[in-house]
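Asker: Below is the structure I would like to discuss, written out as structure tokens.
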Amino acid sequence: MDLKSTINIVSIVCLLLLTGSCEIGKKAKSDIEIEFTQDTLNVGYTYWWSQSGPFIGSCGDELSFVFVGTVTDLLEPTDDAGPLYTPQKGFISIEKIFKIKNLGSNNYANQKYFTSDCFDGVGVRPGDQVLVFCYDYEGNYTIPGKNSVLKIDGFDDPLLKSIRKYIDTDQNAQKLKKDIKLWRAHGLDEDLIDVIRCAKETDGNR
């Protein structure tokens, strides 16, 4: 082998190694680092929405704010909303964020704590670790209720891997075909199946 060939091979190997190191160092969309402030994000409750959870709408509405945290306090339910719904205020300490949609002047501002009055019937207690899904409505973050606050078994819970895959692929539901059983345990399999079906039809029409 002549010197020129050797140099070419070495160059190709170096290029491959450099490319590989860049890919390894590339952060996923759901890998978000936050320097928290000791403030609280107050999120409204869209109690009139017919669906809640990560897969709402026939084709999967865009998630706006997704995070893992620990329930720190739950107040007693009230009748402040009259016949509309039963408000119960709860507080969550945010630990890890997977999605932040920019809402301009109302964008998330690194608050450490989350509060909403959507906790009636959610079935969580102080100390529970939860995965939370928020959307946006009229320029503000909103949470549509029960299935948008899911109790999890720590950071090793397979739900986290699944939802991060969904976020990292720009909510391509077809990537979650093998996860239907996982979401079935939370009563969300039918919603996921609908969104997968829509994604398949959309791809087929391109």
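Ligands are numbered from 1 in the order shown, residues from 1 within each chain, and chains are lettered A, B, ... in the order they appear in the structure tokens.
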Sorted by chain and rising residue number, list the residues of region 104-165 of chain A at most 8 Å from region 90-96 of chain A (counting only C-alpha atoms), each with its closest atom pair and distance in Å to one decimal, as JSON lines.
Answerer:
```
{"residue": "A:Lys112", "atom": "CA", "partner": "A:Ile94", "partner_atom": "CA", "distance": 5.4}
{"residue": "A:Tyr113", "atom": "CA", "partner": "A:Ser93", "partner_atom": "CA", "distance": 4.7}
{"residue": "A:Phe114", "atom": "CA", "partner": "A:Ile92", "partner_atom": "CA", "distance": 5.1}
{"residue": "A:Thr115", "atom": "CA", "partner": "A:Phe91", "partner_atom": "CA", "distance": 4.6}
{"residue": "A:Ser116", "atom": "CA", "partner": "A:Gly90", "partner_atom": "CA", "distance": 5.9}
{"residue": "A:Asp117", "atom": "CA", "partner": "A:Gly90", "partner_atom": "CA", "distance": 6.2}
{"residue": "A:Cys118", "atom": "CA", "partner": "A:Gly90", "partner_atom": "CA", "distance": 7.6}
{"residue": "A:Phe119", "atom": "CA", "partner": "A:Gly90", "partner_atom": "CA", "distance": 6.1}
```
Asker: Skip Glu190 (chain A) itself and residues of its chain fewer than 6 positions away, then list as a list in words all residues within 10 Å of it, counting only C-alpha atoms.
Answerer: Phe55, Ile180, Trp183, Arg184 and Ile196 of chain A
Asker: Select, from A:Asp157, A:Asp61, A:Asp136, A:Glu76, the residue with the minimum atom-to-atom distance to Gln171 (chain A), counting only C-alpha atoms.
Answerer: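 Smallest distance to Gln171 (chain A) is found for A:Asp61.
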Asker: Of the residues A:Thr142, A:Ala199, A:Val124, A:Gly57, which is the one nearest to Asp170 (chain A), using only C-alpha atoms?
Answerer: A:Ala199
Asker: Let's see if you can do this: from backbone DSSP, list all strand (DSSP E) residues in region 5-172 of chain A, as a PyMOL selection string.
Answerer: chain A and resi 37-42+44-45+65-74+90-100+111-116+129-137+140-143+149-151
Asker: From the set A:Gln129, A:Ser52, A:Thr37, A:Gln88, which residue has the shortest atom-to-atom contact distance to Val71 (chain A), counting only C-alpha atoms?
Answerer: A:Gln129
Asker: What are the nearest atom pairs, with distances in Å to one decimal, for all residues of region 45-65 of chain A that come at most 12 Å from region 101-108 of chain A, using only C-alpha atoms, set out by chain and rising residue number as JSON lines?
Answerer:
```
{"residue": "A:Glu62", "atom": "CA", "partner": "A:Lys101", "partner_atom": "CA", "distance": 8.8}
{"residue": "A:Leu63", "atom": "CA", "partner": "A:Lys101", "partner_atom": "CA", "distance": 7.6}
{"residue": "A:Ser64", "atom": "CA", "partner": "A:Lys101", "partner_atom": "CA", "distance": 4.6}
{"residue": "A:Phe65", "atom": "CA", "partner": "A:Lys101", "partner_atom": "CA", "distance": 6.3}
```
Asker: Would you export the selected residues with N, CA and C atoms as a PDB file, in the first residue's frame, please?
Answerer:
```pdb
ATOM      1  N   GLU A  62     -50.258  18.869  19.877  1.00  0.00           N
ATOM      2  CA  GLU A  62     -48.886  19.098  20.337  1.00  0.00           C
ATOM      3  C   GLU A  62     -48.830  19.305  21.843  1.00  0.00           C
ATOM      4  N   LEU A  63     -47.958  18.554  22.491  1.00  0.00           N
ATOM      5  CA  LEU A  63     -47.693  18.745  23.914  1.00  0.00           C
ATOM      6  C   LEU A  63     -46.937  20.051  24.097  1.00  0.00           C
ATOM      7  N   SER A  64     -47.255  20.772  25.173  1.00  0.00           N
ATOM      8  CA  SER A  64     -46.620  22.064  25.394  1.00  0.00           C
ATOM      9  C   SER A  64     -45.638  22.067  26.552  1.00  0.00           C
ATOM     10  N   PHE A  65     -45.921  21.264  27.565  1.00  0.00           N
ATOM     11  CA  PHE A  65     -45.052  21.245  28.747  1.00  0.00           C
ATOM     12  C   PHE A  65     -45.172  19.866  29.380  1.00  0.00           C
TER      13      PHE A  65
END
```
Asker: Hey, which of A:Leu75, A:Ile97, A:Val130, A:Val66 ends up closest to Gly154 (chain A)? Count only C-alpha atoms.
Answerer: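 Using only C-alpha atoms, Gly154 (chain A) sits closest to A:Val130.
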Asker: Which polymer residues have any atom within 10 Å of an atom of Gly123 (chain A), counting only C-alpha atoms, with same-chain residues fewer than 5 positions away left out, as JSON, numbers by chain?
Answerer: {"A": [128, 146, 149, 150, 151]}
Asker: Those same residues, written as a PDB file, in the first residue's frame with C-alpha atoms?
Answerer:
```pdb
ATOM      1  CA  ASP A 128     -45.857  10.373  44.746  1.00  0.00           C
ATOM      2  CA  LYS A 146     -57.082  13.226  35.300  1.00  0.00           C
ATOM      3  CA  VAL A 149     -50.983  13.471  35.917  1.00  0.00           C
ATOM      4  CA  LEU A 150     -49.744   9.867  35.959  1.00  0.00           C
ATOM      5  CA  LYS A 151     -48.123   8.224  38.960  1.00  0.00           C
TER       6      LYS A 151
END
```
Asker: Would you please extract all helix (DSSP H, G or I) residues from region 55-149 of chain A, as assigned by DSSP on the backbone, and give them as a ChimeraX atom specification?
Answerer: /A:104-106,146-148
Asker: What does the file look like for those residues with N, CA, C and O atoms, as a PDB file, in the first residue's frame?
Answerer:
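out_36.pdb, freshly written:
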```pdb
ATOM      1  N   GLY A 104     -44.193  32.529  23.981  1.00  0.00           N
ATOM      2  CA  GLY A 104     -43.932  33.959  23.934  1.00  0.00           C
ATOM      3  C   GLY A 104     -43.900  34.591  25.313  1.00  0.00           C
ATOM      4  O   GLY A 104     -43.162  34.163  26.193  1.00  0.00           O
ATOM      5  N   SER A 105     -44.720  35.606  25.515  1.00  0.00           N
ATOM      6  CA  SER A 105     -44.704  36.342  26.783  1.00  0.00           C
ATOM      7  C   SER A 105     -45.150  35.483  27.964  1.00  0.00           C
ATOM      8  O   SER A 105     -44.842  35.802  29.120  1.00  0.00           O
ATOM      9  N   ASN A 106     -45.855  34.391  27.695  1.00  0.00           N
ATOM     10  CA  ASN A 106     -46.316  33.508  28.775  1.00  0.00           C
ATOM     11  C   ASN A 106     -45.491  32.222  28.850  1.00  0.00           C
ATOM     12  O   ASN A 106     -45.946  31.217  29.396  1.00  0.00           O
ATOM     13  N   LYS A 146     -57.455  14.499  34.688  1.00  0.00           N
ATOM     14  CA  LYS A 146     -57.082  13.226  35.300  1.00  0.00           C
ATOM     15  C   LYS A 146     -55.901  12.501  34.679  1.00  0.00           C
ATOM     16  O   LYS A 146     -54.914  12.201  35.349  1.00  0.00           O
ATOM     17  N   ASN A 147     -55.968  12.183  33.399  1.00  0.00           N
ATOM     18  CA  ASN A 147     -54.917  11.375  32.772  1.00  0.00           C
ATOM     19  C   ASN A 147     -53.675  12.171  32.401  1.00  0.00           C
ATOM     20  O   ASN A 147     -52.744  11.635  31.794  1.00  0.00           O
ATOM     21  N   SER A 148     -53.662  13.435  32.774  1.00  0.00           N
ATOM     22  CA  SER A 148     -52.491  14.266  32.506  1.00  0.00           C
ATOM     23  C   SER A 148     -51.540  14.317  33.696  1.00  0.00           C
ATOM     24  O   SER A 148     -50.526  15.006  33.648  1.00  0.00           O
TER      25      SER A 148
END
```
Asker: Nearest residue to Val68 (chain A) out of A:Ile163, A:Leu84, A:Gly139, A:Asp191, using only C-alpha atoms?
Answerer: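 Residue with the minimum atom-to-atom distance to Val68 (chain A): A:Ile163.
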Asker: Could you please determine the separation between CA of Lys200 (chain A) and CA of Lys175 (chain A) in Å, to one decimal place?
Answerer: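 Here the two named atoms are 10.6 Å from each other.
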Asker: Fewer than 5 positions away in the same chain doesn't count, so skip those; otherwise give me all residues within 6 Å of Ser30 (chain A), counting only C-alpha atoms, as a PDB file with N, CA and C atoms, in the first residue's frame.
Answerer:
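part-v4.pdb written:
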```pdb
ATOM      1  N   PHE A  98     -39.138  17.495  29.996  1.00  0.00           N
ATOM      2  CA  PHE A  98     -38.912  16.839  28.713  1.00  0.00           C
ATOM      3  C   PHE A  98     -39.381  17.665  27.511  1.00  0.00           C
ATOM      4  N   LYS A  99     -40.273  18.621  27.740  1.00  0.00           N
ATOM      5  CA  LYS A  99     -40.798  19.420  26.617  1.00  0.00           C
ATOM      6  C   LYS A  99     -41.219  20.787  27.125  1.00  0.00           C
ATOM      7  N   ARG A 164     -40.456  10.153  25.994  1.00  0.00           N
ATOM      8  CA  ARG A 164     -39.304  10.862  25.447  1.00  0.00           C
ATOM      9  C   ARG A 164     -39.102  10.481  23.972  1.00  0.00           C
TER      10      ARG A 164
END
```
Asker: Quick one: of A:Asp168, A:Asp189, A:Asp179, A:Glu138, who's nearest to Gly44 (chain A), counting only C-alpha atoms?
Answerer: A:Glu138
